[in-house]
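Novice: My structure is in model.txt, and what it holds is compact mmCIF, C-alpha atoms:
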# COMPACT_ATOMS: atom_id res chain seq x y z
CA MET A 1 0.00 0.00 0.00
CA ARG A 2 1.14 3.49 -0.87
CA ILE A 3 -0.27 6.73 0.55
CA PHE A 4 -0.32 9.77 -1.72
CA TYR A 5 -1.12 13.31 -0.56
CA VAL A 6 -2.35 15.26 -3.57
CA THR A 7 -1.33 18.94 -3.79
CA GLN A 8 -0.57 21.71 -6.25
CA GLY A 9 3.09 21.64 -5.33
CA VAL A 10 3.10 25.04 -3.59
CA HIS A 11 4.41 24.98 -0.02
CA LEU A 12 4.04 28.42 1.50
CA THR A 13 1.11 28.55 3.93
CA GLY A 14 0.27 26.62 7.08
CA GLY A 15 -2.10 24.11 5.49
CA GLN A 16 0.28 23.32 2.64
CA LEU A 17 3.13 22.76 5.06
CA VAL A 18 0.91 20.55 7.22
CA ASN A 19 0.38 18.26 4.20
CA LEU A 20 4.15 17.93 3.79
CA ASP A 21 4.52 17.25 7.50
CA HIS A 22 1.95 14.44 7.27
CA VAL A 23 3.92 12.76 4.49
CA ALA A 24 7.29 13.15 6.20
CA ALA A 25 5.91 11.84 9.50
CA LEU A 26 4.21 8.88 7.84
CA ARG A 27 7.51 7.93 6.24
CA ARG A 28 9.18 8.03 9.66
CA LEU A 29 6.38 5.79 10.94
CA GLY A 30 7.20 3.23 8.26
CA TYR A 31 4.54 3.99 5.65
CA ASP A 32 5.28 4.34 1.95
CA ALA A 33 3.97 7.92 1.83
CA ARG A 34 4.45 10.16 -1.20
CA LEU A 35 3.12 13.23 -2.97
CA ILE A 36 1.20 13.69 -6.19
CA PHE A 37 1.33 17.13 -7.75
CA ILE A 38 -1.45 18.19 -10.07
CA ARG A 39 0.31 20.57 -12.43
CA ASP A 40 0.09 21.42 -16.15
CA GLU A 41 3.72 22.47 -16.69
CA PRO A 42 5.75 19.65 -18.29
CA ASP A 43 8.97 20.78 -16.59
CA PHE A 44 7.54 21.36 -13.11
CA THR A 45 9.92 20.61 -10.23
CA PRO A 46 8.77 21.28 -6.65
CA GLN A 47 10.77 23.07 -4.01
CA PHE A 48 10.65 21.61 -0.51
CA PRO A 49 11.35 23.28 2.82
CA PRO A 50 14.32 21.63 4.57
CA GLY A 51 13.39 18.36 6.23
CA LEU A 52 10.13 17.91 4.33
CA GLU A 53 11.47 16.47 1.07
CA SER A 54 9.44 13.46 -0.08
CA PRO A 55 9.14 11.20 -3.13
CA TRP A 56 6.74 12.71 -5.65
CA GLN A 57 5.19 12.39 -9.07
CA VAL A 58 3.19 14.66 -11.34
CA GLY A 59 -0.26 13.35 -12.23
CA ALA A 60 -2.27 10.36 -11.04
CA ALA A 61 -0.99 7.75 -13.50
CA GLY A 62 -0.09 4.37 -12.06
CA LEU A 63 -2.35 4.40 -9.01
CA ALA A 64 -3.53 0.96 -7.90
CA ALA A 65 -6.54 -0.30 -5.96
CA ASP A 66 -4.52 -0.74 -2.77
CA ASP A 67 -3.18 2.84 -2.88
CA VAL A 68 -4.81 5.57 -0.76
CA VAL A 69 -4.96 9.14 -2.03
CA VAL A 70 -5.53 12.12 0.27
CA VAL A 71 -6.95 15.37 -1.15
CA GLY A 72 -7.63 18.71 0.50
CA GLU A 73 -11.28 19.69 0.87
CA ILE A 74 -10.79 22.78 -1.29
CA PHE A 75 -8.70 21.20 -4.06
CA GLY A 76 -11.34 20.49 -6.70
CA LYS A 77 -8.80 20.07 -9.50
CA GLY A 78 -7.01 17.44 -7.46
CA ALA A 79 -10.23 15.57 -6.67
CA LEU A 80 -11.23 15.66 -10.34
CA ALA A 81 -7.87 14.20 -11.39
CA LEU A 82 -8.57 11.14 -9.23
CA VAL A 83 -12.14 10.39 -10.29
CA ASP A 84 -11.27 7.53 -12.63
CA THR A 85 -8.43 6.02 -10.60
CA PRO A 86 -8.94 2.78 -8.65
CA ALA A 87 -7.24 4.18 -5.53
CA ARG A 88 -9.07 4.58 -2.25
CA LYS A 89 -9.91 8.19 -1.41
CA VAL A 90 -9.67 10.29 1.78
CA LEU A 91 -10.26 14.02 2.32
CA HIS A 92 -7.87 16.07 4.47
CA ASN A 93 -10.39 18.65 5.62
CA GLN A 94 -8.33 21.40 7.22
CA GLY A 95 -10.98 24.06 6.56
CA PRO A 96 -14.48 22.89 7.52
CA TYR A 97 -16.09 26.06 6.18
CA TYR A 98 -14.68 25.21 2.74
CA THR A 99 -16.12 21.69 2.84
CA PHE A 100 -18.34 22.37 -0.16
CA ALA A 101 -15.86 24.39 -2.20
CA ALA A 102 -14.96 21.38 -4.36
CA PHE A 103 -18.01 19.18 -3.76
CA LEU A 104 -21.67 20.08 -4.07
CA ASP A 105 -22.73 18.11 -0.99
CA VAL A 106 -21.90 15.04 1.11
CA ALA A 107 -23.61 12.78 -1.43
CA SER A 108 -21.23 13.94 -4.16
CA MET A 109 -18.25 13.26 -1.86
CA LEU A 110 -19.49 9.72 -1.36
CA ARG A 111 -20.00 9.22 -5.11
CA TRP A 112 -16.43 10.41 -5.62
CA GLY A 113 -15.40 7.65 -3.23
CA CYS A 114 -14.53 9.45 0.01
CA GLU A 115 -14.07 6.81 2.71
CA ALA A 116 -12.97 9.03 5.59
CA MET A 117 -11.88 12.53 6.55
CA ILE A 118 -8.86 13.75 8.49
CA PHE A 119 -9.34 16.95 10.53
CA PRO A 120 -6.92 19.33 12.30
CA SER A 121 -9.11 19.67 15.41
CA ARG A 122 -12.05 18.23 17.26
CA PHE A 123 -13.83 21.48 16.53
CA ALA A 124 -13.46 20.98 12.76
CA ALA A 125 -14.64 17.37 12.96
CA GLY A 126 -17.67 18.45 14.97
CA GLU A 127 -18.60 21.18 12.51
CA VAL A 128 -18.45 18.86 9.50
CA ALA A 129 -20.55 16.31 11.38
CA ARG A 130 -23.13 19.06 11.84
CA PHE A 131 -22.98 19.64 8.07
CA GLY A 132 -24.04 16.04 7.44
CA TRP A 133 -20.87 13.93 7.32
CA THR A 134 -21.45 10.63 9.16
CA GLY A 135 -18.41 8.71 7.95
CA PRO A 136 -15.15 8.06 9.77
CA ALA A 137 -13.54 11.23 11.17
CA HIS A 138 -9.92 11.24 12.35
CA VAL A 139 -8.49 14.17 14.30
CA VAL A 140 -4.79 14.82 13.70
CA ARG A 141 -3.76 18.10 15.31
CA PRO A 142 -0.67 19.58 13.67
CA ALA A 143 2.62 20.06 15.46
CA LEU A 144 3.87 23.59 15.93
CA ASP A 145 7.24 24.26 14.40
CA PRO A 146 9.75 24.38 17.31
CA VAL A 147 11.23 27.59 15.88
CA PHE A 148 8.45 29.58 17.58
CA ALA A 149 9.14 28.37 21.12
CA ALA A 150 12.89 28.59 20.54
CA THR A 151 12.98 32.17 19.20
CA THR A 152 13.88 34.87 21.69
CA ALA A 153 14.10 38.59 21.05
CA ALA A 154 13.91 41.90 22.85
CA ARG A 155 10.23 42.78 22.95
CA ARG A 156 8.95 46.06 21.56
CA LEU A 157 5.66 47.70 22.42
CA ARG A 158 4.19 46.79 19.05
CA VAL A 159 1.09 45.09 17.60
CA ALA A 160 1.86 42.34 15.08
CA ALA A 161 -0.71 40.52 12.97
CA THR A 162 -1.03 38.04 10.11
CA THR A 163 -3.37 39.99 7.88
CA ASN A 164 -4.16 37.80 4.87
CA ARG A 165 -7.59 36.66 6.14
CA ARG A 166 -8.85 40.06 7.29
CA PRO A 167 -6.86 42.87 5.60
CA GLN A 168 -9.72 45.37 5.84
CA GLU A 169 -10.45 44.54 9.48
CA TRP A 170 -6.76 44.95 10.33
CA ARG A 171 -6.97 48.50 9.02
CA LEU A 172 -10.35 49.04 10.69
CA ILE A 173 -9.19 47.99 14.16
CA ARG A 174 -6.02 50.04 13.84
CA GLY A 175 -8.05 53.07 12.73
CA ILE A 176 -10.53 52.69 15.60
CA LEU A 177 -7.72 52.47 18.15
CA ARG A 178 -5.92 55.53 16.80
CA SER A 179 -9.15 57.50 16.52
CA LEU A 180 -10.36 56.77 20.03
CA ARG A 181 -6.88 56.97 21.56
CA PRO A 182 -4.77 59.45 19.55
CA ASP A 183 -2.15 59.22 22.27
CA LEU A 184 -1.44 55.64 21.11
CA SER A 185 -0.98 56.56 17.45
CA GLU A 186 2.78 56.19 17.66
CA VAL A 187 2.61 52.54 18.79
CA PRO A 188 3.95 50.58 15.77
CA TRP A 189 1.90 47.95 13.92
CA LEU A 190 3.70 45.15 12.10
CA GLU A 191 2.04 43.32 9.20
CA ILE A 192 3.24 39.71 8.91
CA ARG A 193 3.10 38.84 5.23
CA GLY A 194 5.44 37.06 2.84
CA MET A 195 7.84 35.96 5.59
CA THR A 196 9.61 32.66 6.19
CA ARG A 197 8.76 30.74 9.36
CA PRO A 198 11.92 31.95 11.18
CA GLU A 199 11.07 35.51 10.15
CA VAL A 200 7.48 35.10 11.40
CA ALA A 201 8.78 33.71 14.70
CA GLN A 202 11.14 36.67 15.06
CA ALA A 203 8.32 39.14 14.31
CA MET A 204 6.07 37.54 16.93
CA ALA A 205 8.75 37.12 19.57
CA SER A 206 9.80 40.77 19.26
CA SER A 207 6.23 42.12 19.54
CA GLU A 208 4.42 42.51 22.86
CA ILE A 209 0.97 41.94 21.29
CA TYR A 210 -0.27 39.67 18.53
CA LEU A 211 -3.62 40.62 16.99
CA ALA A 212 -5.43 37.40 16.02
CA LEU A 213 -7.23 37.86 12.70
CA GLY A 214 -8.15 34.28 11.83
CA GLN A 215 -11.40 33.68 9.94
CA LEU A 216 -13.28 30.49 9.05
CA GLU A 217 -10.45 28.40 10.52
CA GLY A 218 -10.36 24.69 11.16
CA LEU A 219 -7.80 25.32 13.90
CA GLY A 220 -5.81 28.51 13.38
CA LEU A 221 -2.06 28.08 13.79
CA PRO A 222 -0.86 31.73 13.97
CA PRO A 223 -2.29 32.50 17.45
CA LEU A 224 -0.72 29.28 18.74
CA GLU A 225 2.60 30.26 17.18
CA ALA A 226 2.35 33.68 18.80
CA MET A 227 1.58 32.13 22.18
CA ALA A 228 4.62 29.86 21.78
CA THR A 229 6.81 32.98 21.51
CA GLY A 230 5.24 34.52 24.62
CA ALA A 231 3.36 37.31 22.82
CA LEU A 232 0.04 38.46 24.27
CA VAL A 233 -2.82 37.41 21.98
CA VAL A 234 -5.87 39.63 21.43
CA GLY A 235 -8.50 39.12 18.74
CA PHE A 236 -10.82 36.69 17.01
CA THR A 237 -10.93 32.95 17.58
CA GLY A 238 -11.64 32.56 13.86
CA ALA A 239 -14.07 29.77 14.85
CA GLY A 240 -11.40 27.04 14.96
CA GLY A 241 -9.59 28.78 17.78
CA ALA A 242 -12.33 27.46 20.04
CA GLU A 243 -10.13 24.35 20.18
CA TYR A 244 -7.66 26.16 22.43
CA ALA A 245 -8.87 29.67 23.32
CA THR A 246 -9.43 30.28 27.04
CA ARG A 247 -9.81 33.31 29.28
CA GLY A 248 -6.38 32.50 30.67
CA ASN A 249 -4.35 32.43 27.45
CA GLY A 250 -5.76 35.37 25.49
CA ASP A 251 -8.39 38.05 25.00
CA TRP A 252 -10.86 36.46 22.58
CA PHE A 253 -13.78 38.09 20.77
CA PRO A 254 -16.67 37.08 18.51
CA GLU A 255 -17.24 38.26 14.96
CA GLY A 256 -17.94 41.96 14.57
CA ALA A 257 -16.27 43.03 17.84
CA HIS A 258 -13.93 45.54 16.19
CA VAL A 259 -14.50 48.34 18.71
CA GLU A 260 -14.16 45.92 21.62
CA ILE A 261 -10.89 44.53 20.25
CA ALA A 262 -9.51 48.04 19.77
CA ALA A 263 -10.48 48.90 23.34
CA MET A 264 -8.74 45.78 24.65
CA LEU A 265 -5.61 46.58 22.66
CA ALA A 266 -5.61 50.06 24.23
CA ARG A 267 -6.03 48.54 27.68
CA ARG A 268 -3.16 46.07 27.20
CA ILE A 269 -0.89 48.80 25.81
CA ASP A 270 -1.64 50.98 28.82
CA GLU A 271 -0.88 48.09 31.19
CA LEU A 272 2.36 47.26 29.41
CA ARG A 273 3.42 50.89 29.57
CA ALA A 274 2.68 50.84 33.28
CA GLY A 275 5.07 47.91 33.71
CA LYS A 276 2.69 44.95 33.94
CA ALA A 277 4.61 41.81 32.96
CA PHE A 278 1.72 39.40 32.23
CA ALA A 279 3.84 36.47 33.37
CA VAL A 280 0.84 34.24 34.12
CA ARG A 281 -0.82 35.05 30.79
CA ARG A 282 2.37 34.36 28.84
CA ASP A 283 2.97 31.07 30.69
CA ALA A 284 -0.61 29.98 29.95
CA GLY A 285 -0.10 30.75 26.26
CA ARG A 286 3.15 28.83 26.12
CA ALA A 287 1.52 25.84 27.84
CA THR A 288 -1.35 25.89 25.34
CA ALA A 289 1.06 25.98 22.41
CA ALA A 290 3.24 23.23 23.90
CA ALA A 291 0.27 20.85 23.80
CA PHE A 292 0.52 20.94 19.99
CA SER A 293 3.65 18.84 20.14
CA ARG A 294 5.27 16.61 17.57
CA GLN A 295 4.79 13.64 19.88
CA ARG A 296 1.03 14.13 20.00
CA PHE A 297 0.84 14.88 16.27
CA GLU A 298 2.62 11.66 15.33
CA ALA A 299 0.57 9.61 17.81
CA GLU A 300 -2.69 10.96 16.35
CA LEU A 301 -1.43 10.49 12.79
CA ALA A 302 -0.46 6.88 13.53
CA ALA A 303 -3.87 6.20 15.09
CA ALA A 304 -5.68 7.72 12.12
CA TRP A 305 -3.82 5.64 9.56
CA ALA A 306 -4.08 2.47 11.63
CA ALA A 307 -7.85 2.93 11.32
CA ILE A 308 -7.87 4.01 7.65
CA ALA A 309 -5.49 1.27 6.48
CA PRO A 310 -5.10 -1.38 9.19
CA PRO A 311 -2.04 -3.67 8.94
CA ALA A 312 -2.75 -6.85 7.01
Could you express the structure from this file as structure tokens?
Specialist:
Amino acid sequence: MRIFYVTQGVHLTGGQLVNLDHVAALRRLGYDARLIFIRDEPDFTPQFPPGLESPWQVGAAGLAADDVVVVGEIFGKGALALVDTPARKVLHNQGPYYTFAAFLDVASMLRWGCEAMIFPSRFAAGEVARFGWTGPAHVVRPALDPVFAATTAARRLRVAATTNRRPQEWRLIRGILRSLRPDLSEVPWLEIRGMTRPEVAQAMASSEIYLALGQLEGLGLPPLEAMATGALVVGFTGAGGAEYATRGNGDWFPEGAHVEIAAMLARRIDELRAGKAFAVRRDAGRATAAAFSRQRFEAELAAAWAAIAPPA
């Protein structure tokens, strides 16, 4: 049996890197795990982050009935490329709110041949069950890259944020804060975009506050990464953050709470300026992030695949 994770061959964002981590970990666990890239360019050659190189092929030719292919919930082109193959089929559903981006409904997933789904959180699995999925559901929570816990830096009174999900709301919250508290207008804001993981870790570790701007998440890695660096997290759970958000590890808000988030940012800035260390809050964040360990990730991955493809 071979296991193939099907991707576009681009490895930049959290979900794409999680796919590579699954394959690399499965190989360490003794599985014949590989990648299939669905690309049109005849001379395509993928680039892998260090430590995540894996055997790969372009296109679905040569798949057999005892192979298992794993496709992301949003990757319609990848799912379509596998329709006529004899391989068994699994969805890696990292974004429950995109469950029907590539498939019309659960019935069409079943016609395609989906036998099971892998999820990044219990929250995501629960949401998709509410949407109508009654098949096998395996939770495999990703491991945080150790670079975040290991990065140290002199902290600046600064608000950092990963803005790709909510670029307008990033500007809105910043504008509300500066409008209501002009005296805080000189506090810097750092937009995390187009950075490598070590650069992201450095940006988070050197910022006192991380503004969480996740949206429609199955888990939401950036707030966890920020907590691992010891930054104070303020913002949205993004839905999937319900897996780990508590009153002790961050200041969390529902959708639409832009004024409330701006007010909390002002409060935390005032407290930091007054010398408050937030030692308990930072320790709680680090403990939350530490639970997303490689040991737990590989144990959950092994359990999932033991159920999907039990040993003969």
Novice: Would you mind reading off the distance between atom CA of Asp84 of chain A and atom CA of Gly9 of chain A, one decimal, in Å?
Specialist: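 Computing the Euclidean distance for atom CA of Asp84 of chain A and atom CA of Gly9 of chain A yields 21.4 Å.
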Novice: Sorted by chain and rising residue number, list the residues of segment 42-113 of chain A at most 12 Å from segment 117-138 of chain A (counting all atoms listed in the file), each with its closest atom pair and distance in Å to one decimal, as a Markdown table.
Specialist:
| residue | atom | partner | partner_atom | distance |
| --- | --- | --- | --- | --- |
| A:Val69 | CA | A:Met117 | CA | 11.5 |
| A:Val70 | CA | A:Met117 | CA | 8.9 |
| A:Val71 | CA | A:Met117 | CA | 9.6 |
| A:Gly72 | CA | A:Ile118 | CA | 9.5 |
| A:Glu73 | CA | A:Met117 | CA | 9.2 |
| A:Lys89 | CA | A:Met117 | CA | 9.3 |
| A:Val90 | CA | A:Met117 | CA | 5.7 |
| A:Leu91 | CA | A:Met117 | CA | 4.8 |
| A:His92 | CA | A:Ile118 | CA | 4.7 |
| A:Asn93 | CA | A:Phe119 | CA | 5.3 |
| A:Gln94 | CA | A:Phe119 | CA | 5.6 |
| A:Gly95 | CA | A:Ala124 | CA | 7.4 |
| A:Pro96 | CA | A:Ala124 | CA | 5.7 |
| A:Tyr97 | CA | A:Val128 | CA | 8.3 |
| A:Tyr98 | CA | A:Val128 | CA | 10.0 |
| A:Thr99 | CA | A:Val128 | CA | 7.6 |
| A:Phe100 | CA | A:Phe131 | CA | 9.8 |
| A:Asp105 | CA | A:Gly132 | CA | 8.8 |
| A:Val106 | CA | A:Trp133 | CA | 6.4 |
| A:Ala107 | CA | A:Trp133 | CA | 9.2 |
| A:Ser108 | CA | A:Trp133 | CA | 11.5 |
| A:Met109 | CA | A:Trp133 | CA | 9.6 |
| A:Leu110 | CA | A:Gly135 | CA | 9.4 |
| A:Gly113 | CA | A:Met117 | CA | 11.5 |
Novice: Quick one: of A:Leu211, A:Leu35, A:Ala242, A:Ala307, who's nearest to Leu265 of chain A, counting all atoms listed in the file?
Specialist: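 Among the listed residues, A:Leu211 lies closest to Leu265 of chain A.
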Novice: Which residue is closest to Pro42 of chain A? Choose from A:Val58, A:Arg141, A:Leu29, A:Gly241 and count all atoms listed in the file.
Specialist: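 Under the stated criterion, the closest residue is A:Val58.
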Novice: Write out as a PDB file with C-alpha atoms, in the frame of the given file each polymer residue whose atoms come within 12 Å of Arg273 of chain A, counting all atoms listed in the file; drop sequence neighbours fewer than 2 positions from it.
Specialist:
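New file selection-v3.pdb:
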ATOM      1  CA  ARG A 156       8.950  46.060  21.560  1.00  0.00           C
ATOM      2  CA  LEU A 157       5.660  47.700  22.420  1.00  0.00           C
ATOM      3  CA  ARG A 158       4.190  46.790  19.050  1.00  0.00           C
ATOM      4  CA  LEU A 184      -1.440  55.640  21.110  1.00  0.00           C
ATOM      5  CA  VAL A 187       2.610  52.540  18.790  1.00  0.00           C
ATOM      6  CA  GLU A 208       4.420  42.510  22.860  1.00  0.00           C
ATOM      7  CA  ALA A 266      -5.610  50.060  24.230  1.00  0.00           C
ATOM      8  CA  ARG A 267      -6.030  48.540  27.680  1.00  0.00           C
ATOM      9  CA  ARG A 268      -3.160  46.070  27.200  1.00  0.00           C
ATOM     10  CA  ILE A 269      -0.890  48.800  25.810  1.00  0.00           C
ATOM     11  CA  ASP A 270      -1.640  50.980  28.820  1.00  0.00           C
ATOM     12  CA  GLU A 271      -0.880  48.090  31.190  1.00  0.00           C
ATOM     13  CA  GLY A 275       5.070  47.910  33.710  1.00  0.00           C
ATOM     14  CA  LYS A 276       2.690  44.950  33.940  1.00  0.00           C
ATOM     15  CA  ALA A 277       4.610  41.810  32.960  1.00  0.00           C
ATOM     16  CA  PHE A 278       1.720  39.400  32.230  1.00  0.00           C
TER      17      PHE A 278
END
Novice: Generate a file for segment 170-190 of chain A, containing N, CA and C atoms, as an mmCIF file, in the first residue's frame.
Specialist:
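In the end it all went to out03.cif:
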data_model
loop_
_atom_site.group_PDB
_atom_site.id
_atom_site.type_symbol
_atom_site.label_atom_id
_atom_site.label_comp_id
_atom_site.auth_asym_id
_atom_site.auth_seq_id
_atom_site.Cartn_x
_atom_site.Cartn_y
_atom_site.Cartn_z
ATOM 1 N N TRP A 170 -8.035 44.497 9.745
ATOM 2 C CA TRP A 170 -6.759 44.951 10.332
ATOM 3 C C TRP A 170 -6.685 46.472 10.295
ATOM 4 N N ARG A 171 -7.004 47.039 9.141
ATOM 5 C CA ARG A 171 -6.968 48.501 9.021
ATOM 6 C C ARG A 171 -8.061 49.156 9.856
ATOM 7 N N LEU A 172 -9.230 48.499 9.926
ATOM 8 C CA LEU A 172 -10.348 49.044 10.694
ATOM 9 C C LEU A 172 -10.013 49.117 12.181
ATOM 10 N N ILE A 173 -9.508 48.021 12.731
ATOM 11 C CA ILE A 173 -9.190 47.989 14.161
ATOM 12 C C ILE A 173 -8.093 48.993 14.480
ATOM 13 N N ARG A 174 -7.087 49.064 13.634
ATOM 14 C CA ARG A 174 -6.019 50.044 13.842
ATOM 15 C C ARG A 174 -6.572 51.471 13.804
ATOM 16 N N GLY A 175 -7.470 51.733 12.837
ATOM 17 C CA GLY A 175 -8.048 53.067 12.733
ATOM 18 C C GLY A 175 -8.921 53.424 13.913
ATOM 19 N N ILE A 176 -9.695 52.443 14.424
ATOM 20 C CA ILE A 176 -10.528 52.691 15.599
ATOM 21 C C ILE A 176 -9.648 53.031 16.800
ATOM 22 N N LEU A 177 -8.601 52.233 17.003
ATOM 23 C CA LEU A 177 -7.717 52.472 18.146
ATOM 24 C C LEU A 177 -7.095 53.866 18.071
ATOM 25 N N ARG A 178 -6.586 54.237 16.929
ATOM 26 C CA ARG A 178 -5.923 55.534 16.804
ATOM 27 C C ARG A 178 -6.913 56.689 16.886
ATOM 28 N N SER A 179 -8.145 56.445 16.457
ATOM 29 C CA SER A 179 -9.150 57.502 16.515
ATOM 30 C C SER A 179 -9.639 57.737 17.933
ATOM 31 N N LEU A 180 -9.875 56.641 18.666
ATOM 32 C CA LEU A 180 -10.362 56.768 20.035
ATOM 33 C C LEU A 180 -9.252 57.104 21.022
ATOM 34 N N ARG A 181 -8.027 56.694 20.668
ATOM 35 C CA ARG A 181 -6.882 56.968 21.556
ATOM 36 C C ARG A 181 -5.740 57.557 20.735
ATOM 37 N N PRO A 182 -5.847 58.823 20.348
ATOM 38 C CA PRO A 182 -4.772 59.448 19.555
ATOM 39 C C PRO A 182 -3.412 59.375 20.230
ATOM 40 N N ASP A 183 -3.427 59.292 21.559
ATOM 41 C CA ASP A 183 -2.147 59.219 22.275
ATOM 42 C C ASP A 183 -1.405 57.916 22.019
ATOM 43 N N LEU A 184 -2.089 56.926 21.418
ATOM 44 C CA LEU A 184 -1.443 55.642 21.115
ATOM 45 C C LEU A 184 -1.076 55.525 19.637
ATOM 46 N N SER A 185 -1.206 56.612 18.898
ATOM 47 C CA SER A 185 -0.979 56.555 17.445
ATOM 48 C C SER A 185 0.454 56.216 17.077
ATOM 49 N N GLU A 186 1.386 56.462 17.984
ATOM 50 C CA GLU A 186 2.779 56.185 17.664
ATOM 51 C C GLU A 186 3.195 54.748 17.981
ATOM 52 N N VAL A 187 2.292 53.947 18.561
ATOM 53 C CA VAL A 187 2.609 52.540 18.793
ATOM 54 C C VAL A 187 2.683 51.839 17.431
ATOM 55 N N PRO A 188 3.802 51.189 17.102
ATOM 56 C CA PRO A 188 3.949 50.581 15.772
ATOM 57 C C PRO A 188 3.033 49.364 15.583
ATOM 58 N N TRP A 189 2.651 49.131 14.332
ATOM 59 C CA TRP A 189 1.896 47.948 13.919
ATOM 60 C C TRP A 189 2.713 47.233 12.855
ATOM 61 N N LEU A 190 2.882 45.936 13.007
ATOM 62 C CA LEU A 190 3.704 45.147 12.095
ATOM 63 C C LEU A 190 2.822 44.148 11.349
#
